[in-house]
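Student: As input, take final_34.csv (CSV, C-alpha atoms):
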chain,number,residue,atom,x,y,z
A,1,MET,CA,0.0,0.0,0.0
A,2,PHE,CA,2.6,2.5,1.1
A,3,LEU,CA,5.4,1.3,-1.2
A,4,ALA,CA,4.7,0.8,-4.6
A,5,ALA,CA,9.9,-4.8,-10.4
A,6,ARG,CA,7.5,-8.3,-12.5
A,7,ARG,CA,8.4,-11.9,-12.5
A,8,LYS,CA,6.4,-14.9,-11.4
A,9,PRO,CA,2.7,-14.2,-11.5
A,10,GLY,CA,0.9,-13.4,-8.2
A,11,TRP,CA,2.2,-12.1,-4.9
A,12,LEU,CA,4.6,-13.6,-2.4
A,13,ALA,CA,3.9,-12.5,1.2
A,14,LEU,CA,6.7,-12.5,3.7
A,15,ILE,CA,5.4,-12.1,7.2
A,16,PRO,CA,7.8,-11.9,10.1
A,17,GLN,CA,6.1,-12.8,13.4
A,18,GLY,CA,6.8,-14.8,16.5
A,19,GLY,CA,10.4,-15.6,15.7
A,20,GLU,CA,9.4,-17.0,12.3
A,21,ILE,CA,9.0,-15.7,8.7
A,22,THR,CA,6.0,-17.1,6.9
A,23,LEU,CA,6.0,-17.2,3.1
A,24,ALA,CA,2.9,-17.6,1.0
A,25,HIS,CA,2.7,-17.4,-2.8
A,26,VAL,CA,-0.7,-17.0,-4.3
A,27,ILE,CA,-1.7,-16.7,-8.0
A,28,ARG,CA,-5.0,-15.2,-8.9
A,29,ARG,CA,-6.2,-15.5,-12.5
A,30,ARG,CA,-9.3,-14.2,-14.1
A,31,ASP,CA,-12.2,-16.7,-14.1
A,32,SER,CA,-10.4,-19.3,-11.9
A,33,ARG,CA,-9.9,-19.9,-8.3
A,34,PRO,CA,-6.8,-18.5,-6.5
A,35,GLU,CA,-4.0,-21.0,-6.1
A,36,VAL,CA,-1.7,-21.2,-3.1
A,37,CYS,CA,1.5,-22.4,-4.9
A,38,LEU,CA,3.9,-22.1,-1.9
A,39,LEU,CA,3.5,-22.0,1.9
A,40,ASP,CA,6.5,-22.3,4.2
A,41,ARG,CA,7.8,-20.9,7.4
A,42,PHE,CA,11.4,-20.4,8.6
A,43,ALA,CA,12.8,-19.8,12.1
A,44,VAL,CA,14.6,-16.5,12.5
A,45,GLU,CA,18.0,-17.7,13.6
A,46,GLY,CA,20.0,-14.6,14.5
A,47,SER,CA,18.4,-11.4,13.1
A,48,GLU,CA,15.5,-10.9,10.7
A,49,LEU,CA,17.9,-9.4,8.3
A,50,GLU,CA,20.1,-12.5,8.3
A,51,ALA,CA,17.0,-14.7,7.8
A,52,LEU,CA,15.8,-12.6,4.9
A,53,LYS,CA,19.3,-12.9,3.3
A,54,ARG,CA,19.2,-16.7,3.5
A,55,LEU,CA,15.6,-16.7,2.1
A,56,ARG,CA,16.5,-14.4,-0.8
A,57,SER,CA,18.9,-17.1,-2.0
A,58,ALA,CA,17.2,-20.3,-0.9
A,59,ARG,CA,13.8,-19.2,-2.2
A,60,SER,CA,14.9,-17.0,-5.2
A,61,LEU,CA,13.0,-14.1,-3.8
A,62,LYS,CA,14.0,-11.9,-6.8
A,63,SER,CA,11.7,-14.1,-8.9
A,64,TYR,CA,8.6,-12.8,-7.0
A,65,ALA,CA,6.6,-9.6,-6.4
A,66,CYS,CA,6.9,-9.4,-2.6
A,67,THR,CA,4.7,-7.9,0.0
A,68,THR,CA,4.6,-7.7,3.8
A,69,LEU,CA,2.4,-6.3,6.5
A,70,MET,CA,2.8,-3.4,8.9
A,71,PRO,CA,3.1,-4.6,12.5
A,72,ASP,CA,0.1,-4.0,14.8
A,73,GLY,CA,0.3,-0.7,16.5
A,74,GLU,CA,2.6,0.9,13.9
A,75,TYR,CA,-0.2,2.6,11.8
A,76,ASN,CA,-3.6,4.2,12.1
A,77,LEU,CA,-6.8,3.3,10.5
A,78,THR,CA,-9.3,6.1,10.7
A,79,GLN,CA,-12.9,6.3,9.4
A,80,VAL,CA,-14.0,9.8,8.3
A,81,ASP,CA,-16.4,11.4,5.9
A,82,ALA,CA,-15.2,11.6,2.3
A,83,PRO,CA,-14.2,15.3,1.7
A,84,PRO,CA,-16.1,17.2,-1.0
A,85,VAL,CA,-13.1,17.7,-3.2
A,86,PRO,CA,-12.1,16.2,-6.6
A,87,ARG,CA,-10.7,12.7,-6.2
A,88,GLU,CA,-7.2,13.7,-7.1
A,89,GLU,CA,-7.2,16.2,-4.2
A,90,ARG,CA,-8.8,13.9,-1.7
A,91,LYS,CA,-5.6,12.4,-0.2
A,92,GLU,CA,-4.1,15.8,0.6
A,93,ALA,CA,-7.4,17.1,2.0
A,94,LEU,CA,-7.6,14.0,4.3
A,95,ARG,CA,-4.0,14.4,5.3
A,96,TRP,CA,-4.7,17.6,7.1
A,97,SER,CA,-7.9,16.3,8.7
A,98,LEU,CA,-5.7,13.8,10.6
A,99,LYS,CA,-3.5,16.4,12.1
A,100,GLU,CA,-5.2,16.2,15.6
A,101,MET,CA,-5.6,12.4,15.5
A,102,VAL,CA,-2.0,11.2,15.1
A,103,ASN,CA,1.2,11.9,16.9
A,104,TYR,CA,3.5,12.2,13.9
A,105,PRO,CA,3.9,14.9,11.3
A,106,VAL,CA,1.1,14.5,8.8
A,107,GLU,CA,3.0,16.4,6.1
A,108,THR,CA,5.4,13.6,5.7
A,109,ALA,CA,3.1,10.7,6.7
A,110,CYS,CA,2.5,7.8,4.3
A,111,LEU,CA,-1.2,7.7,3.6
A,112,ASP,CA,-3.7,5.8,1.6
A,113,VAL,CA,-7.5,6.1,1.2
A,114,LEU,CA,-10.0,3.2,1.0
A,115,ASP,CA,-13.6,3.8,-0.2
A,116,ILE,CA,-16.4,2.4,1.9
A,117,PRO,CA,-19.2,1.2,-0.5
A,118,ALA,CA,-21.8,3.9,-0.6
A,119,GLU,CA,-24.5,2.3,-2.8
A,120,GLY,CA,-27.8,2.3,-1.0
A,121,LEU,CA,-26.6,4.8,1.6
A,122,PRO,CA,-29.6,6.8,3.1
A,123,GLN,CA,-30.2,10.1,1.4
A,124,GLY,CA,-28.3,13.0,3.1
A,125,ARG,CA,-25.7,10.8,4.6
A,126,ALA,CA,-22.1,11.5,3.5
A,127,ALA,CA,-20.1,8.7,2.0
A,128,GLY,CA,-17.3,7.5,4.3
A,129,VAL,CA,-13.7,6.5,3.7
A,130,LEU,CA,-11.0,4.7,5.7
A,131,VAL,CA,-7.7,6.5,5.9
A,132,VAL,CA,-4.6,4.3,6.5
A,133,SER,CA,-1.7,6.4,7.8
A,134,ALA,CA,1.7,5.8,9.3
A,135,ALA,CA,4.8,7.9,10.1
A,136,GLU,CA,7.3,7.8,7.2
A,137,SER,CA,10.0,6.7,9.6
A,138,THR,CA,7.8,3.7,10.7
A,139,VAL,CA,7.2,2.6,7.2
A,140,ARG,CA,10.9,2.9,6.4
A,141,ALA,CA,11.7,0.8,9.5
A,142,CYS,CA,9.3,-1.9,8.3
A,143,ALA,CA,11.0,-1.9,4.9
A,144,ALA,CA,14.6,-1.6,6.2
A,145,PRO,CA,15.4,-5.3,6.8
A,146,PHE,CA,14.1,-6.2,3.3
A,147,GLU,CA,16.0,-3.4,1.6
A,148,ALA,CA,19.2,-4.4,3.5
A,149,ALA,CA,18.7,-8.0,2.4
A,150,GLU,CA,18.1,-6.9,-1.2
A,151,VAL,CA,14.6,-8.2,-1.2
A,152,ASP,CA,12.4,-5.8,-3.3
A,153,LEU,CA,9.1,-5.0,-1.7
A,154,ALA,CA,6.4,-4.1,-4.2
A,155,ALA,CA,3.9,-3.3,-1.5
A,156,ILE,CA,3.4,-3.0,2.2
A,157,ASP,CA,-0.2,-3.6,3.5
A,158,ILE,CA,-1.9,-3.8,6.8
A,159,PRO,CA,-3.5,-6.8,8.6
A,160,GLU,CA,-7.0,-5.5,8.2
A,161,LEU,CA,-6.6,-5.6,4.4
A,162,ALA,CA,-5.2,-9.1,4.5
A,163,GLN,CA,-8.3,-10.2,6.5
A,164,ARG,CA,-10.5,-8.3,4.0
A,165,ASN,CA,-9.0,-10.3,1.1
A,166,ILE,CA,-10.0,-13.6,2.8
A,167,ALA,CA,-13.4,-12.3,3.7
A,168,ALA,CA,-14.1,-11.1,0.1
A,169,LEU,CA,-13.8,-14.7,-1.1
A,170,LEU,CA,-16.5,-15.8,1.3
A,171,GLU,CA,-19.1,-13.1,0.8
A,172,ASP,CA,-22.6,-13.9,-0.5
A,173,GLU,CA,-23.6,-11.7,-3.5
A,174,ASN,CA,-24.8,-8.3,-2.5
A,175,ARG,CA,-24.5,-9.2,1.2
A,176,GLY,CA,-22.2,-8.0,3.9
A,177,LEU,CA,-20.0,-10.5,5.8
A,178,VAL,CA,-18.7,-10.2,9.3
A,179,PHE,CA,-15.4,-12.0,9.8
A,180,LEU,CA,-14.0,-12.9,13.2
A,181,ARG,CA,-10.3,-13.9,13.5
A,182,ILE,CA,-9.1,-14.8,16.9
A,183,ASP,CA,-5.6,-16.1,17.5
A,184,GLU,CA,-2.8,-15.8,20.1
A,185,SER,CA,-2.2,-12.1,19.3
A,186,GLY,CA,-5.8,-11.0,19.8
A,187,MET,CA,-9.1,-10.6,18.0
A,188,MET,CA,-10.1,-8.7,14.9
A,189,LEU,CA,-13.7,-8.4,13.7
A,190,THR,CA,-14.3,-6.9,10.2
A,191,LEU,CA,-17.3,-6.0,8.1
A,192,THR,CA,-16.9,-6.3,4.4
A,193,PHE,CA,-19.2,-5.7,1.5
A,194,ARG,CA,-18.6,-6.3,-2.2
A,195,GLY,CA,-15.0,-7.0,-1.5
A,196,GLU,CA,-14.3,-3.8,0.4
A,197,LEU,CA,-13.5,-3.1,4.0
A,198,VAL,CA,-16.3,-1.3,5.8
A,199,ALA,CA,-15.5,-1.4,9.5
A,200,VAL,CA,-13.1,-3.0,12.0
A,201,ARG,CA,-13.2,-3.8,15.7
A,202,ARG,CA,-10.3,-5.1,17.7
A,203,SER,CA,-9.8,-6.6,21.2
A,204,ASP,CA,-7.0,-8.1,23.2
A,205,MET,CA,-9.1,-11.3,23.8
A,206,ASN,CA,-7.1,-14.2,22.3
A,207,SER,CA,-7.4,-17.9,21.6
A,208,ALA,CA,-5.0,-18.9,24.4
A,209,GLN,CA,-7.6,-17.5,26.8
A,210,LEU,CA,-10.4,-19.3,25.1
A,211,GLY,CA,-8.4,-22.5,25.4
A,212,SER,CA,-7.4,-22.0,29.0
A,213,ARG,CA,-7.6,-24.9,31.4
A,214,ASP,CA,-9.1,-22.5,33.9
A,215,GLU,CA,-12.8,-23.1,33.2
A,216,GLU,CA,-13.8,-19.9,35.0
A,217,GLN,CA,-11.4,-17.7,32.9
A,218,ARG,CA,-12.6,-19.5,29.7
A,219,GLY,CA,-16.2,-18.7,30.6
A,220,ARG,CA,-15.4,-15.0,31.3
A,221,VAL,CA,-13.6,-14.6,28.0
A,222,MET,CA,-16.4,-16.3,26.0
A,223,GLU,CA,-18.9,-14.1,27.7
A,224,ARG,CA,-16.9,-11.0,26.7
A,225,LEU,CA,-16.6,-12.3,23.2
A,226,LEU,CA,-20.3,-12.9,22.9
A,227,LEU,CA,-21.0,-9.4,24.2
A,228,GLU,CA,-18.5,-7.9,21.8
A,229,MET,CA,-20.1,-9.8,18.9
A,230,GLN,CA,-23.6,-8.7,19.8
A,231,ARG,CA,-22.6,-5.1,20.2
A,232,SER,CA,-20.7,-5.1,17.0
A,233,LEU,CA,-23.5,-6.6,15.0
A,234,ASP,CA,-25.9,-4.0,16.5
A,235,ASN,CA,-23.5,-1.2,15.7
A,236,PHE,CA,-23.0,-2.4,12.1
A,237,ASP,CA,-26.8,-2.6,11.7
A,238,ARG,CA,-27.3,1.0,13.0
A,239,GLN,CA,-24.4,2.5,11.1
A,240,TYR,CA,-24.6,0.5,7.9
A,241,SER,CA,-28.3,-0.3,7.6
A,242,HIS,CA,-27.9,-0.4,3.8
A,243,ILE,CA,-25.6,-3.4,4.1
A,244,PRO,CA,-27.5,-6.6,4.9
A,245,VAL,CA,-25.2,-9.0,6.8
A,246,SER,CA,-25.7,-12.7,5.7
A,247,LYS,CA,-23.4,-14.5,8.1
A,248,VAL,CA,-20.5,-14.4,10.5
A,249,VAL,CA,-17.4,-16.4,9.5
A,250,VAL,CA,-15.0,-17.5,12.3
A,251,ALA,CA,-11.4,-18.4,12.1
A,252,SER,CA,-9.5,-19.3,15.2
A,253,TYR,CA,-6.0,-20.6,15.9
A,254,PRO,CA,-5.2,-22.6,17.9
A,255,HIS,CA,-8.7,-24.2,17.5
A,256,ALA,CA,-11.0,-23.0,20.2
A,257,GLU,CA,-13.4,-25.8,21.1
A,258,HIS,CA,-17.1,-25.1,20.9
A,259,LEU,CA,-16.4,-21.5,19.8
A,260,VAL,CA,-18.7,-21.5,16.7
A,261,GLU,CA,-21.5,-23.3,18.6
A,262,GLU,CA,-21.3,-20.7,21.5
A,263,LEU,CA,-21.5,-17.8,19.0
A,264,ARG,CA,-24.4,-19.4,17.2
A,265,HIS,CA,-26.4,-19.5,20.4
A,266,GLY,CA,-25.6,-15.9,21.3
A,267,THR,CA,-26.1,-14.1,18.0
A,268,TYR,CA,-29.0,-13.5,15.6
A,269,VAL,CA,-26.9,-13.9,12.4
A,270,PRO,CA,-25.8,-17.3,11.1
A,271,VAL,CA,-22.3,-18.3,12.3
A,272,VAL,CA,-20.1,-20.6,10.4
A,273,ALA,CA,-16.5,-21.8,10.7
A,274,MET,CA,-14.1,-20.7,7.9
A,275,ASP,CA,-13.2,-23.2,5.3
A,276,LEU,CA,-11.5,-21.9,2.1
A,277,SER,CA,-11.6,-25.3,0.3
A,278,ALA,CA,-14.5,-24.2,-2.0
A,279,GLN,CA,-12.9,-20.9,-2.9
A,280,VAL,CA,-9.1,-21.6,-3.1
A,281,ASP,CA,-6.9,-24.4,-4.5
A,282,PHE,CA,-3.8,-25.6,-2.6
A,283,PRO,CA,-1.6,-27.3,-5.2
A,284,GLY,CA,1.6,-26.2,-3.3
A,285,ALA,CA,0.3,-26.5,0.2
A,286,PRO,CA,-1.9,-29.6,0.8
A,287,GLU,CA,-1.8,-29.0,4.5
A,288,LEU,CA,-4.2,-26.0,3.9
A,289,LYS,CA,-7.0,-28.5,3.3
A,290,SER,CA,-7.3,-28.3,7.1
A,291,PRO,CA,-9.3,-25.2,8.2
A,292,GLU,CA,-7.2,-25.0,11.3
A,293,MET,CA,-4.1,-24.6,9.2
A,294,GLN,CA,-5.9,-22.0,7.0
A,295,SER,CA,-6.5,-20.0,10.2
A,296,ARG,CA,-2.9,-20.4,11.3
A,297,TYR,CA,-1.6,-18.8,8.1
A,298,LEU,CA,-4.6,-16.5,7.5
A,299,LEU,CA,-2.7,-13.2,7.4
A,300,ALA,CA,0.0,-14.5,5.1
A,301,LEU,CA,-2.6,-15.9,2.7
A,302,GLY,CA,-4.6,-12.7,2.9
A,303,ALA,CA,-1.5,-10.6,2.2
A,304,ALA,CA,-0.7,-12.8,-0.8
A,305,LEU,CA,-4.3,-12.5,-2.1
A,306,ARG,CA,-3.9,-8.8,-2.8
A,307,THR,CA,-5.2,-7.8,-6.2
A,308,GLY,CA,-3.5,-5.6,-8.8
A,309,ALA,CA,-0.1,-6.0,-10.4
A,310,PRO,CA,2.9,-4.5,-8.8
A,311,ALA,CA,4.2,-1.3,-10.5
Before anything else, please render the file you have as structure tokens.
Tutor:
Amino acid sequence: MFLAARRKPGWLALIPQGGEITLAHVIRRRDSRPEVCLLDRFAVEGSELEALKRLRSARSLKSYACTTLMPDGEYNLTQVDAPPVPREERKEALRWSLKEMVNYPVETACLDVLDIPAEGLPQGRAAGVLVVSAAESTVRACAAPFEAAEVDLAAIDIPELAQRNIAALLEDENRGLVFLRIDESGMMLTLTFRGELVAVRRSDMNSAQLGSRDEEQRGRVMERLLLEMQRSLDNFDRQYSHIPVSKVVVASYPHAEHLVEELRHGTYVPVVAMDLSAQVDFPGAPELKSPEMQSRYLLALGAALRTGAPA
């Protein structure tokens, strides 16, 4: 997103996290299902830079268009009304509207704008946009190990967009989809419509808590999660009444026992477990036939599912 040379088709995502670097190569072709051609993970022995240098040679990274994700907490995602200016002037107009919302100089900030689908919006209500922003120094720090390892990044995205790319595959036509991802790092709940991100909610609740041996703690976390889901669905219904939500899709890693069943009992929208087998082929990663493994590598797969050719 913030950084924008072409070789093998598709995108190769490289996601450093938890002492590992996960690689996912996905090819998307018109009129066919996406294919996961490569999925692997490597332990970071030494520094991230050293690991990337080894990968550059071992995996011929110069043969791919590469992308990665900004770390959580290193960027801002802000929803605002679309400014009444020509499209080519919109980014600069929004830049200055963020001045009081961020703690870095907006004049040098890296910034992108995402449209929220406005079709069916009630009359008189302004269309909204999501503004992704980050300090220039933060984006450069994210890219620095790749540059030092001579791995060309064609793009840097954010986790919300990686999750959106997965959710877009699972949407019903002309219906919104709520996607819940909960893993060891926390919870992210997104609303998407027609392949676009509409809203995001986050929490520090995580799958380790849901899988705790302490039954009382497990119960408290599940109760919080149910309440968060109910409030989010009500909020989405109030704010985006023009977007009918057809279902909630759940991805958890490690697997949280009875999570989907509990959510089904506590919400008024159908809840289903994620399974990408009907939407994605896995010729290079047969382990992804398991929904649990799909959940484990969800962000890497979502990052590699980005659309558009690199510049």
Student: Select, from A:Ala303, A:Val272, A:Leu52, A:His25, the residue with the minimum atom-to-atom distance to A:Ala144, counting all atoms listed in the file.
Tutor: A:Leu52
Student: Compile the contact shell of A:Leu114 as an MDAnalysis selection string: residues with an atom at most 12 Å away, counting only C-alpha atoms, same-chain residues fewer than 4 positions apart removed.
Tutor: chainID A and resid 1 77:82 87 90:91 94 118 127:133 160:161 164 195:199
Student: Suppose you want the space between atom CA of A:Ser207 and atom CA of A:Arg296; what is it in Å?
Tutor: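 That distance, rounded to one decimal, is 11.5 Å.
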Student: Using only C-alpha atoms, which residue out of A:Met101, A:Cys142, A:Val221, A:Leu69 lies closest to A:Ser203?
Tutor: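 Nearest candidate to A:Ser203 out of A:Met101, A:Cys142, A:Val221, A:Leu69: A:Val221.
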Student: Go through A:Ala167, A:Ala135, A:Ala65, A:Cys37 one by one, measure the shortest atom-to-atom distance of each to A:Asp281 using only C-alpha atoms, and give the residue with the smallest value.
Tutor: A:Cys37
Student: Which residues are close to A:Ala256, i.e. within 8 Å by all atoms listed in the file, leaving aside same-chain residues fewer than 4 positions away? Reply as an MDAnalysis selection string.
Tutor: chainID A and resid 207 210:211 252
Student: I need the residue nearest A:Leu14 from this list: A:Val102, A:Val245, A:Leu189, A:Val151. Use all atoms listed in the file for the distance.
Tutor: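 Residue with the minimum atom-to-atom distance to A:Leu14: A:Val151.
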Student: Do you have the atom CA of A:Asp112-atom CA of A:Phe179 distance handy?
Tutor: 22.8 Å
Student: Looking at A:Thr68, A:Ala149, A:Arg125, A:Pro83, which one is nearest to A:Ser97, with distances taken over only C-alpha atoms?
Tutor: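 Under the stated criterion, the closest residue is A:Pro83.
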Student: Find the residues around A:Gln294 up to 12 Å (all atoms listed in the file counted), leave out those fewer than 2 positions away in its own chain, and share them as a PyMOL selection string.
Tutor: chain A and resi 24+36+39+166+181+250-255+273-277+280-282+285-292+296-302
Student: At what distance in Å, to one decimal, does atom CA of A:His265 lie from atom CA of A:Pro159?
Tutor: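 Spanning atom CA of A:Pro159 to atom CA of A:His265 is a straight-line distance of 28.7 Å.
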Student: Which one is closest to A:Ser232: A:Arg213, A:Arg202, A:His258, A:Arg56? Count all atoms listed in the file.
Tutor: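 Between A:Arg213, A:Arg202, A:His258, A:Arg56, the residue approaching A:Ser232 most closely is A:Arg202.
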Student: Excluding same-chain residues fewer than 2 positions from A:Arg41, what lies within 8 Å of it counting all atoms listed in the file, as an NGL selection string?
Tutor: :A and (20-23 or 39 or 43)
Student: Kindly provide, as a PyMOL selection string, the polymer residues lying within 7 Å of (-0.9, 19.4, 1.2), counting all atoms listed in the file and using the coordinates exactly as they appear in the file.
Tutor: chain A and resi 92-93+107
Student: Take the point (14.0, -13.0, 13.0) as written in the file and pick out every residue within 8 Å of it, counting only C-alpha atoms; give the list as a PDB file with C-alpha atoms, in the frame of the given file.
Tutor:
ATOM      1  CA  PRO A  16       7.800 -11.900  10.100  1.00  0.00           C
ATOM      2  CA  GLN A  17       6.100 -12.800  13.400  1.00  0.00           C
ATOM      3  CA  GLY A  19      10.400 -15.600  15.700  1.00  0.00           C
ATOM      4  CA  GLU A  20       9.400 -17.000  12.300  1.00  0.00           C
ATOM      5  CA  ILE A  21       9.000 -15.700   8.700  1.00  0.00           C
ATOM      6  CA  ALA A  43      12.800 -19.800  12.100  1.00  0.00           C
ATOM      7  CA  VAL A  44      14.600 -16.500  12.500  1.00  0.00           C
ATOM      8  CA  GLU A  45      18.000 -17.700  13.600  1.00  0.00           C
ATOM      9  CA  GLY A  46      20.000 -14.600  14.500  1.00  0.00           C
ATOM     10  CA  SER A  47      18.400 -11.400  13.100  1.00  0.00           C
ATOM     11  CA  GLU A  48      15.500 -10.900  10.700  1.00  0.00           C
ATOM     12  CA  LEU A  49      17.900  -9.400   8.300  1.00  0.00           C
ATOM     13  CA  GLU A  50      20.100 -12.500   8.300  1.00  0.00           C
ATOM     14  CA  ALA A  51      17.000 -14.700   7.800  1.00  0.00           C
TER      15      ALA A  51
END
Student: If we count all atoms listed in the file and set the cut-off at 12 Å, which residues sit around A:Ser63, ignoring sequence neighbours fewer than 4 positions away in its own chain? Please answer as a ChimeraX atom specification.
Tutor: /A:5-12,25,55-59,151-153
